[in-house]
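Comments concern the structure below.
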Amino acid sequence: MYRLFTYINSFQKHFSSHVLLYHSTYHKAPENIEKGLHNVVPVMLEKQIRWLKKNFDIVFVDELFKSKDINGKAAITFDDGYKSVFQNTIPLIKSLGVPITIFLNGSMFDDKPFWRDKIRFLINNSLVEQFISYTKSKNLNIHLTDNNFYFDTKNKINNSIVINKICDDFLYKNNIDIKFNNYGLNQIKELEKHPLISYGNHTYNHYVLSSLSRKEQEYEISRNHDFLKKLNINKSNIFSIPFGDKNSFNTDTIKIIEKYGYSGVLLPDDMLNLNNNIKYQYLSNLKYLQRYIVPENHISFQFKIAKIFIKTIFKSL
């Protein structure tokens with residue numbers, strides 16, 4: 001069955017293009033953030049990319065956006081800027097000769113824990129119930145539940161800035177070093193300049209933009225825009241919206257992205273991209289392309305792309 005799926009999936013190149021989304025690539029995910037982290041181990045990453053390279057023309061995501069004929073093309077993207085990508089992925093993509101785009105959060109370079117890793121830390125250390133009780137004692141206008149905690153913390157009804165701050169307060173009050181670990185790249189000198197690597201804007205702190213005021217959104221987008229502008233690296237003109245689903249941004253978000261001159265946005269709606277849909281895929285004046293989070297093993301990867309190919313075809317009818 002698996003071999004059949006890989007064979008059938010190879011024919012997708014005639015009808016669609018892929019944008020793959022990865023996050024971390026640890027050999028073994030750190031225990032403090034393991035639950036809730038999207039991690040693909042290097043050996044599986046290599047298998048997936050080798051299959052993709054065999055069946056598709058792998059290009060930079062910017063080139064895919066500019067292409068009039070996208071069929072048979074694929075782009076590989078990484079969000080956030082985890083150290084594992086620089087330690088494990090970059091040597092691999094160099095050896096395979098394929099381009100990637102890494103969408104960075106500038107706050108990683110403040111040498112502080114990534115706020116989503118704080119959430120994962122609470123989950124992995126059984127601190128969720130205690131944290132929720134703490135938030136209730138502060139009478140904050142946030143709504144969290146035990147059974148849906150991870151998703152509640154990225155719900156647009158909860159201001160991400162408030163969630164981040166209360167995390168810091170809680171960890172400090174409980175004598176937990178808020179610098180317990182920074183798993184993101186935290187030194188600019190480690191940003192490698194290479195013809196196969198480009199870097200893009202993923203906002204400064206990775207907050208849920210739709211949970212913020214317009215002023216707060218612009219700060220997040222413009223601060224990271226200015227941060228990247230100063231770096232001597234290959235830059236992408238595509239914007240990666242944090243979380244990316246349709247509830248994570250609003251019309252203010254799109255207007256601000258347009259204001260800073262970006263030519264397109266990525267939405268991880270677990271869809272492929274079809275040639276006949278490209279002319280319709282616009283948010284205001286911004287073109288968008290769909291991408292999908294890649295499963296953590298190659299068998300699941302093959303089943304998933306078969307499933308979303310069918311889903312994409314039906315949605316286009």
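As shown in the structure tokens, the chain order sets the letters A, B, ...; within each chain, residues go from 1, and ligands are also counted from 1 in the order they appear.
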### Shell of 8 Å around Asn164 of chain A, only C-alpha atoms, local chain residues under 4 positions omitted, as a list in words
Trp115, Ser160 and Asp168 of chain A
Do you have, as a tab-separated table, the list of residues of segment 49-108 of chain A lying at most 10 Å from segment 29-42 of chain A, each with its nearest atom pair and that distance in Å to one decimal, counting only C-alpha atoms and ordered by chain then number?
```
residue	atom	partner	partner_atom	distance
A:Ser84	CA	A:Pro42	CA	9.3
A:Val85	CA	A:Pro42	CA	9.3
A:Asn88	CA	A:Pro42	CA	6.5
A:Thr89	CA	A:Pro42	CA	7.0
A:Leu92	CA	A:Pro42	CA	8.3
```
### Query
With only C-alpha atoms as the atoms that count, which of A:Lys287, A:His27, A:Phe303, A:Thr253 lies nearest to Lys215 of chain A?
A:Thr253
Using only C-alpha atoms, I'd like a table of the residues in segment 91-114 of chain A that come within 12 Å of segment 206-211 of chain A; for each, show the closest atom pair and its distance in Å rounded to one decimal, ordered by chain and ascending number, as a Markdown table.
```
| residue | atom | partner | partner_atom | distance |
| --- | --- | --- | --- | --- |
| A:Phe103 | CA | A:His206 | CA | 10.6 |
| A:Leu104 | CA | A:His206 | CA | 9.1 |
| A:Asn105 | CA | A:His206 | CA | 6.4 |
| A:Gly106 | CA | A:His206 | CA | 9.1 |
| A:Ser107 | CA | A:His206 | CA | 8.5 |
| A:Met108 | CA | A:His206 | CA | 10.0 |
| A:Phe114 | CA | A:His206 | CA | 8.5 |
```
Next, write the just-selected residues to a file, as a CSV table (one decimal), in the first residue's frame, keeping C-alpha atoms as the atom set.
```
chain,number,residue,atom,x,y,z
A,103,PHE,CA,11.2,32.5,8.4
A,104,LEU,CA,12.7,34.1,11.5
A,105,ASN,CA,11.3,35.6,14.7
A,106,GLY,CA,13.7,38.4,15.8
A,107,SER,CA,12.9,37.8,19.5
A,108,MET,CA,15.0,34.6,19.3
A,114,PHE,CA,10.4,31.6,22.7
```
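Proximity of A:Asn71, A:Asn250, A:Thr77, A:Ser137 to Pro268 of chain A, computed with only C-alpha atoms, is greatest for A:Thr77.
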